[in-house]
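Text of the file query.cif, holding mmCIF, C-alpha atoms:
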data_model
#
loop_
_atom_site.label_atom_id
_atom_site.label_comp_id
_atom_site.auth_asym_id
_atom_site.auth_seq_id
_atom_site.Cartn_x
_atom_site.Cartn_y
_atom_site.Cartn_z
CA MET J 1 11.87 27.11 -14.21
CA LYS J 2 8.40 27.06 -12.67
CA SER J 3 8.12 23.26 -12.96
CA LEU J 4 11.63 22.84 -11.53
CA LEU J 5 10.80 25.01 -8.52
CA PHE J 6 7.52 23.13 -8.06
CA GLY J 7 9.34 19.82 -8.09
CA LEU J 8 11.99 20.96 -5.61
CA CYS J 9 9.34 22.38 -3.31
CA ALA J 10 7.27 19.20 -3.50
CA MET J 11 10.27 17.01 -2.75
CA ALA J 12 11.17 19.10 0.28
CA LEU J 13 7.61 18.98 1.58
CA THR J 14 7.31 15.26 1.01
CA ALA J 15 10.61 14.59 2.75
CA ALA J 16 9.40 16.39 5.86
CA ALA J 17 7.51 13.34 7.11
CA ALA J 18 9.95 10.74 5.79
CA PRO J 19 11.79 8.33 8.09
CA ALA J 20 15.44 8.87 8.79
CA GLY J 21 17.94 6.97 6.70
CA ASP J 22 18.20 6.08 3.04
CA HIS J 23 14.47 5.78 2.36
CA ASP J 24 14.01 8.95 0.33
CA PRO J 25 10.45 9.61 -0.88
CA ILE J 26 9.83 9.39 -4.62
CA LEU J 27 7.06 11.61 -5.94
CA LEU J 28 4.42 9.79 -7.94
CA TRP J 29 3.89 12.84 -10.13
CA PRO J 30 7.10 14.96 -10.14
CA GLN J 31 5.31 17.72 -12.06
CA GLY J 32 2.31 17.68 -9.72
CA ALA J 33 -0.53 15.22 -9.26
CA PRO J 34 -3.67 15.70 -11.35
CA GLY J 35 -6.29 17.19 -9.05
CA SER J 36 -3.72 18.86 -6.80
CA GLU J 37 -3.10 21.90 -8.95
CA GLY J 38 -2.47 24.98 -6.83
CA LYS J 39 -2.17 23.01 -3.59
CA THR J 40 1.23 23.78 -2.07
CA ALA J 41 0.58 23.40 1.67
CA PRO J 42 3.11 21.08 3.35
CA GLU J 43 2.23 17.84 5.05
CA THR J 44 1.46 17.99 8.73
CA MET J 45 2.64 15.43 11.25
CA ARG J 46 1.76 14.58 14.82
CA ILE J 47 3.25 11.97 17.13
CA PHE J 48 1.26 9.26 18.87
CA PRO J 49 3.31 8.37 21.97
CA PRO J 50 5.88 7.15 22.16
CA ASP J 51 7.12 7.47 18.58
CA GLU J 52 4.46 6.80 15.93
CA GLN J 53 4.21 9.33 13.11
CA ILE J 54 0.79 10.30 11.81
CA ILE J 55 0.67 12.52 8.75
CA SER J 56 -2.06 14.46 7.00
CA ASN J 57 -2.55 17.16 4.36
CA VAL J 58 -0.93 15.11 1.59
CA ASN J 59 -0.79 17.11 -1.65
CA PHE J 60 2.33 15.49 -3.09
CA PRO J 61 1.69 11.72 -3.09
CA ALA J 62 4.82 9.61 -2.95
CA ILE J 63 6.26 6.19 -2.26
CA ILE J 64 9.01 5.50 0.25
CA PRO J 65 11.16 2.52 -0.80
CA TYR J 66 12.51 -0.22 1.43
CA LEU J 67 14.68 -2.50 -0.68
CA PRO J 68 15.94 -5.85 0.61
CA ASP J 69 19.54 -6.94 0.78
CA PRO J 70 20.28 -8.34 -2.70
CA ALA J 71 21.35 -11.59 -1.07
CA LYS J 72 17.84 -11.98 0.37
CA ALA J 73 15.79 -10.53 -2.48
CA THR J 74 12.99 -12.76 -3.78
CA GLY J 75 11.96 -10.50 -6.66
CA ALA J 76 8.55 -9.85 -5.08
CA ALA J 77 7.38 -6.37 -4.10
CA ALA J 78 4.54 -4.95 -2.00
CA ILE J 79 2.90 -1.54 -2.13
CA VAL J 80 2.17 -0.85 1.58
CA ILE J 81 -0.92 1.31 2.20
CA PRO J 82 -1.36 2.52 5.80
CA GLY J 83 -4.77 3.44 7.15
CA GLY J 84 -6.16 6.38 9.07
CA GLY J 85 -9.81 6.70 8.10
CA ASP J 86 -8.99 8.73 4.96
CA VAL J 87 -8.35 11.63 7.38
CA GLU J 88 -4.69 10.97 8.14
CA ILE J 89 -2.06 8.28 7.61
CA TRP J 90 -0.77 6.19 10.53
CA ILE J 91 2.47 5.64 8.72
CA THR J 92 4.68 4.06 11.38
CA HIS J 93 2.94 0.89 12.63
CA GLU J 94 1.03 0.31 9.37
CA GLY J 95 3.72 1.55 7.02
CA TYR J 96 7.39 1.86 7.94
CA ARG J 97 7.50 -1.15 10.29
CA VAL J 98 5.62 -3.32 7.81
CA ALA J 99 8.00 -2.30 5.04
CA LEU J 100 11.03 -3.02 7.22
CA TYR J 101 9.71 -6.49 8.02
CA LEU J 102 9.00 -7.30 4.38
CA ALA J 103 12.38 -6.02 3.19
CA ASP J 104 14.10 -8.12 5.86
CA HIS J 105 12.30 -11.13 4.36
CA GLY J 106 13.41 -10.39 0.81
CA ILE J 107 10.34 -8.49 -0.36
CA ALA J 108 10.84 -4.97 -1.71
CA ALA J 109 8.32 -2.67 -0.01
CA PHE J 110 7.06 0.79 -0.90
CA VAL J 111 5.02 2.80 1.62
CA VAL J 112 2.45 5.03 -0.07
CA LYS J 113 1.58 8.52 1.06
CA TYR J 114 -1.73 9.09 -0.68
CA ARG J 115 -4.18 11.97 -0.84
CA LEU J 116 -6.89 11.94 1.81
CA SER J 117 -10.56 12.31 0.98
CA LYS J 118 -11.85 13.05 4.50
CA ALA J 119 -9.19 15.39 5.82
CA PRO J 120 -10.61 18.76 6.92
CA GLY J 121 -11.24 20.91 3.86
CA SER J 122 -10.19 18.16 1.45
CA THR J 123 -11.40 18.32 -2.15
CA TYR J 124 -10.06 14.84 -2.88
CA THR J 125 -12.08 11.66 -3.36
CA VAL J 126 -11.19 8.00 -2.93
CA MET J 127 -11.93 7.03 -6.53
CA GLY J 128 -10.65 10.25 -8.07
CA ASP J 129 -7.43 10.74 -6.11
CA SER J 130 -6.56 8.12 -3.45
CA LEU J 131 -7.00 5.11 -5.75
CA PRO J 132 -5.13 6.80 -8.64
CA ASP J 133 -2.25 7.40 -6.20
CA VAL J 134 -2.12 3.67 -5.41
CA GLN J 135 -2.40 2.75 -9.08
CA ARG J 136 0.36 5.20 -9.94
CA ALA J 137 2.54 3.60 -7.25
CA ILE J 138 2.02 0.19 -8.84
CA ARG J 139 2.90 1.56 -12.27
CA LEU J 140 5.99 3.34 -10.94
CA VAL J 141 7.36 0.26 -9.17
CA LYS J 142 6.79 -1.89 -12.25
CA SER J 143 8.46 0.70 -14.46
CA ARG J 144 11.62 0.55 -12.33
CA ALA J 145 11.55 -3.19 -11.77
CA GLY J 146 14.89 -3.75 -13.50
CA GLU J 147 16.62 -1.11 -11.40
CA TRP J 148 15.19 -2.49 -8.17
CA HIS J 149 15.61 -6.19 -9.11
CA ILE J 150 11.87 -6.82 -8.97
CA ASP J 151 9.71 -9.11 -11.08
CA PRO J 152 6.93 -6.81 -12.38
CA ALA J 153 4.59 -9.81 -12.43
CA ARG J 154 4.98 -10.12 -8.62
CA VAL J 155 4.14 -6.60 -7.45
CA GLY J 156 1.17 -6.61 -5.07
CA VAL J 157 -0.55 -4.49 -2.44
CA ILE J 158 -1.12 -4.77 1.31
CA GLY J 159 -3.29 -2.26 3.13
CA PHE J 160 -4.60 -1.58 6.61
CA SER J 161 -8.08 -0.32 7.52
CA ALA J 162 -8.78 2.47 4.99
CA GLY J 163 -5.64 1.28 3.23
CA ALA J 164 -7.18 -2.19 2.98
CA GLU J 165 -10.14 -0.67 1.18
CA LEU J 166 -7.71 0.90 -1.27
CA SER J 167 -5.97 -2.45 -1.67
CA ALA J 168 -9.30 -4.07 -2.50
CA LEU J 169 -10.09 -1.32 -4.99
CA ALA J 170 -6.69 -1.73 -6.62
CA GLY J 171 -7.29 -5.48 -6.87
CA THR J 172 -10.68 -5.04 -8.55
CA HIS J 173 -10.21 -1.85 -10.61
CA PHE J 174 -7.18 -2.22 -12.83
CA ASP J 175 -6.11 -1.87 -16.43
CA ALA J 176 -3.55 -3.53 -18.66
CA GLY J 177 -1.68 -0.34 -19.45
CA THR J 178 -1.57 1.55 -22.73
CA PRO J 179 1.26 0.49 -25.06
CA GLY J 180 2.87 3.51 -26.65
CA ALA J 181 1.42 5.99 -24.14
CA ARG J 182 3.30 9.28 -24.00
CA ASP J 183 3.73 8.88 -20.24
CA PRO J 184 5.84 5.72 -19.94
CA LEU J 185 4.25 4.82 -16.62
CA LEU J 186 0.87 4.53 -18.32
CA ARG J 187 2.27 1.65 -20.34
CA GLN J 188 2.38 -0.42 -17.14
CA SER J 189 -0.57 -2.46 -15.87
CA THR J 190 -2.12 -1.47 -12.56
CA ARG J 191 -3.12 -5.04 -11.71
CA PRO J 192 -1.52 -6.15 -8.43
CA ALA J 193 -0.23 -9.73 -8.20
CA PHE J 194 -1.79 -10.11 -4.75
CA MET J 195 -3.76 -8.12 -2.21
CA GLY J 196 -3.41 -8.14 1.55
CA LEU J 197 -6.54 -6.84 3.28
CA ILE J 198 -5.78 -6.18 6.94
CA TYR J 199 -8.75 -5.22 9.19
CA GLY J 200 -10.49 -3.21 6.51
CA LYS J 201 -13.96 -3.29 4.98
CA ALA J 202 -14.01 -4.54 1.42
CA ASN J 203 -17.65 -5.13 0.56
CA ASP J 204 -19.22 -5.41 -2.88
CA MET J 205 -15.98 -6.27 -4.66
CA PRO J 206 -16.53 -6.87 -8.41
CA LEU J 207 -14.77 -10.22 -8.71
CA SER J 208 -13.58 -11.93 -11.88
CA LYS J 209 -11.18 -14.66 -12.95
CA ASP J 210 -8.48 -11.97 -13.03
CA THR J 211 -8.95 -10.87 -9.41
CA PRO J 212 -5.60 -11.40 -7.65
CA PRO J 213 -5.19 -13.81 -4.72
CA ALA J 214 -6.16 -12.33 -1.36
CA PHE J 215 -4.82 -12.57 2.19
CA LEU J 216 -7.46 -11.54 4.73
CA LEU J 217 -6.65 -10.83 8.36
CA GLY J 218 -8.62 -9.13 11.09
CA GLY J 219 -9.46 -9.00 14.75
CA GLU J 220 -12.36 -10.99 16.19
CA LYS J 221 -13.52 -7.95 18.20
CA ASP J 222 -13.18 -5.47 15.34
CA ALA J 223 -16.33 -4.28 13.56
CA TYR J 224 -14.34 -3.43 10.43
CA SER J 225 -13.10 -7.02 10.25
CA GLN J 226 -16.52 -8.67 10.63
CA PRO J 227 -17.20 -8.88 6.84
CA LEU J 228 -13.90 -10.66 6.14
CA PRO J 229 -15.16 -14.26 6.66
CA GLU J 230 -18.04 -13.63 4.24
CA LEU J 231 -15.63 -12.05 1.77
CA TYR J 232 -13.40 -15.11 2.04
CA LEU J 233 -16.29 -17.39 1.09
CA THR J 234 -17.24 -15.09 -1.79
CA LEU J 235 -13.68 -15.17 -3.11
CA GLU J 236 -13.56 -18.95 -2.85
CA LYS J 237 -16.86 -19.31 -4.74
CA ALA J 238 -15.47 -17.01 -7.45
CA GLY J 239 -12.38 -19.18 -7.79
CA VAL J 240 -10.05 -16.55 -6.34
CA PRO J 241 -7.36 -18.07 -4.07
CA ALA J 242 -7.71 -16.68 -0.55
CA GLU J 243 -6.57 -17.23 3.02
CA LEU J 244 -8.35 -15.93 6.12
CA HIS J 245 -7.15 -15.31 9.69
CA MET J 246 -9.32 -13.87 12.48
CA LEU J 247 -7.29 -13.19 15.63
CA ALA J 248 -9.07 -14.11 18.86
CA GLY J 249 -9.94 -11.30 21.26
CA VAL J 250 -8.33 -8.62 19.08
CA GLY J 251 -9.70 -5.23 18.04
CA HIS J 252 -8.75 -2.75 15.35
CA GLY J 253 -5.49 -1.14 14.32
CA PHE J 254 -2.77 -3.42 15.70
CA GLY J 255 -0.37 -3.25 12.73
CA ILE J 256 3.18 -3.96 13.85
CA ARG J 257 3.73 -2.68 17.39
CA PRO J 258 6.20 -3.86 20.02
CA THR J 259 3.28 -4.16 22.45
CA ASN J 260 1.34 -6.67 20.33
CA PRO J 261 0.75 -10.00 22.12
CA ALA J 262 2.40 -13.09 20.68
CA HIS J 263 -0.61 -14.37 18.74
CA VAL J 264 -0.93 -10.96 17.06
CA ALA J 265 2.78 -10.36 16.52
CA VAL J 266 3.00 -13.48 14.34
CA TRP J 267 0.71 -12.14 11.60
CA PRO J 268 3.50 -10.77 9.30
CA GLU J 269 5.01 -14.25 9.23
CA LEU J 270 1.63 -15.67 8.24
CA PHE J 271 1.48 -13.19 5.37
CA VAL J 272 4.97 -14.00 4.10
CA ASN J 273 4.26 -17.73 4.39
CA TRP J 274 1.10 -17.23 2.33
CA LEU J 275 3.03 -15.37 -0.37
CA ASP J 276 5.45 -18.27 -0.47
CA ALA J 277 2.62 -20.82 -0.68
CA GLU J 278 1.17 -18.90 -3.60
CA GLY J 279 4.51 -19.12 -5.41
CA LEU J 280 4.99 -15.36 -5.26
CA LEU J 281 8.39 -15.51 -3.59
CA LYS J 282 9.91 -17.79 -6.20
CA PRO J 283 10.99 -16.60 -9.65
CA ALA J 284 8.94 -18.08 -12.47
CA PRO J 285 10.64 -21.07 -14.12
#

So, in terms of structure tokens, how does the structure I just supplied come out?
Amino acid sequence: MKSLLFGLCAMALTAAAAPAGDHDPILLWPQGAPGSEGKTAPETMRIFPPDEQIISNVNFPAIIPYLPDPAKATGAAAIVIPGGGDVEIWITHEGYRVALYLADHGIAAFVVKYRLSKAPGSTYTVMGDSLPDVQRAIRLVKSRAGEWHIDPARVGVIGFSAGAELSALAGTHFDAGTPGARDPLLRQSTRPAFMGLIYGKANDMPLSKDTPPAFLLGGEKDAYSQPLPELYLTLEKAGVPAELHMLAGVGHGFGIRPTNPAHVAVWPELFVNWLDAEGLLKPAP
């Protein structure tokens, strides 16, 4: 009974900051996330005018699914990781709108609400909690690939700012899964098929032949984006397929906003075109 009540409470709290419609949050750990024991405080949300949701105090990490029309579905999927400096999550322009765009282009998208290491009073860490939330999201999506008409070999990540750092960590810290694990999700690999790093620092990445292809995009005027050209060259030297875009005269945090100028607004199309060029939008022969 206790676990049932915990689960119902967690679902209600998680739903509080969910978008309207059919995109119901799915808890990553229905019985409670490791490291969040005893934490029952609900998420908090504030609005950045006119309508952007910003959430914090995440104790019940979850994914919010955006599934494409079956007639458009490519079989690819993206774990979408909004930023917010590890203090909060700017979940509208770096989460919901990105997921809507991807789903409209045949890519299943799952916005992650992850635990925040720098929120006031937080006991969480990036490596101990935030990254495990992203890895759990990858495992969960792969485990339900049949239900969601997804190819588990084409599940990747795209992150923004602090979310880009998590994307880079997911792309360089992964495992092959544990066959026969008691928790069926642990049988799934955490390796993403691709990583989108959008205006986020991603220095000192431990690269290997198994590092997934990378899409790098930033603003010319953004300090967080300055290391991206060097990272691109490092990836190329390591034999990791990569594509780089630096947008002229642009700063940090543009995401998908109706106010973005034309040369910024086109970036989601560049990302989808890159996925297609990498063969990630076509089923394997």

What separation in Å, quoted to one decimal, exists between CA of Leu166 (chain J) and CA of His252 (chain J)?
-> 17.0 Å

Care to translate the PyMOL selection byres ((chain J and resi 124-140) around 6) into actual residues of this file, as number ranges by chain?
-> J: 114-115, 117, 122-123, 141-143, 185, 188, 190

Resulting file, chosen residues, C-alpha atoms, as a PDB file, in the coordinates of the input:
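Done, and the output landed in selection38.pdb:
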ATOM      1  CA  TYR J 114      -1.730   9.090  -0.680  1.00  0.00           C
ATOM      2  CA  ARG J 115      -4.180  11.970  -0.840  1.00  0.00           C
ATOM      3  CA  SER J 117     -10.560  12.310   0.980  1.00  0.00           C
ATOM      4  CA  SER J 122     -10.190  18.160   1.450  1.00  0.00           C
ATOM      5  CA  THR J 123     -11.400  18.320  -2.150  1.00  0.00           C
ATOM      6  CA  VAL J 141       7.360   0.260  -9.170  1.00  0.00           C
ATOM      7  CA  LYS J 142       6.790  -1.890 -12.250  1.00  0.00           C
ATOM      8  CA  SER J 143       8.460   0.700 -14.460  1.00  0.00           C
ATOM      9  CA  LEU J 185       4.250   4.820 -16.620  1.00  0.00           C
ATOM     10  CA  GLN J 188       2.380  -0.420 -17.140  1.00  0.00           C
ATOM     11  CA  THR J 190      -2.120  -1.470 -12.560  1.00  0.00           C
TER      12      THR J 190
END

Using all atoms listed in the file, the residue out of J:Asp22, J:Glu94, J:Glu278, J:Asp86 with shortest distance to Pro213 (chain J) is J:Glu278

Within 8 Å of (4.4, -12.6, -3.5), in the coordinates the file gives, what residues turn up when you count only C-alpha atoms, written out as a list in words?
-> Ala76, Ala77, Ala78, Ile107, Arg154, Val155, Gly156, Ala193, Phe194, Val272, Leu275, Asp276, Glu278, Gly279, Leu280 and Leu281 of chain J

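Using only C-alpha atoms, the shortest contact distance between Ser161 (chain J) and any of J:Pro212, J:Gly196, J:Gly32, J:Pro268 is found at J:Gly196.
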
May I ask for the distance between CA of Tyr66 (chain J) and CA of His149 (chain J), given in Å to one decimal place?
-> 12.5 Å

So which one's closest to Thr40 (chain J), J:Phe110, J:Asn273, J:Ile81, J:Asn59? Using only C-alpha atoms, please.
-> J:Asn59
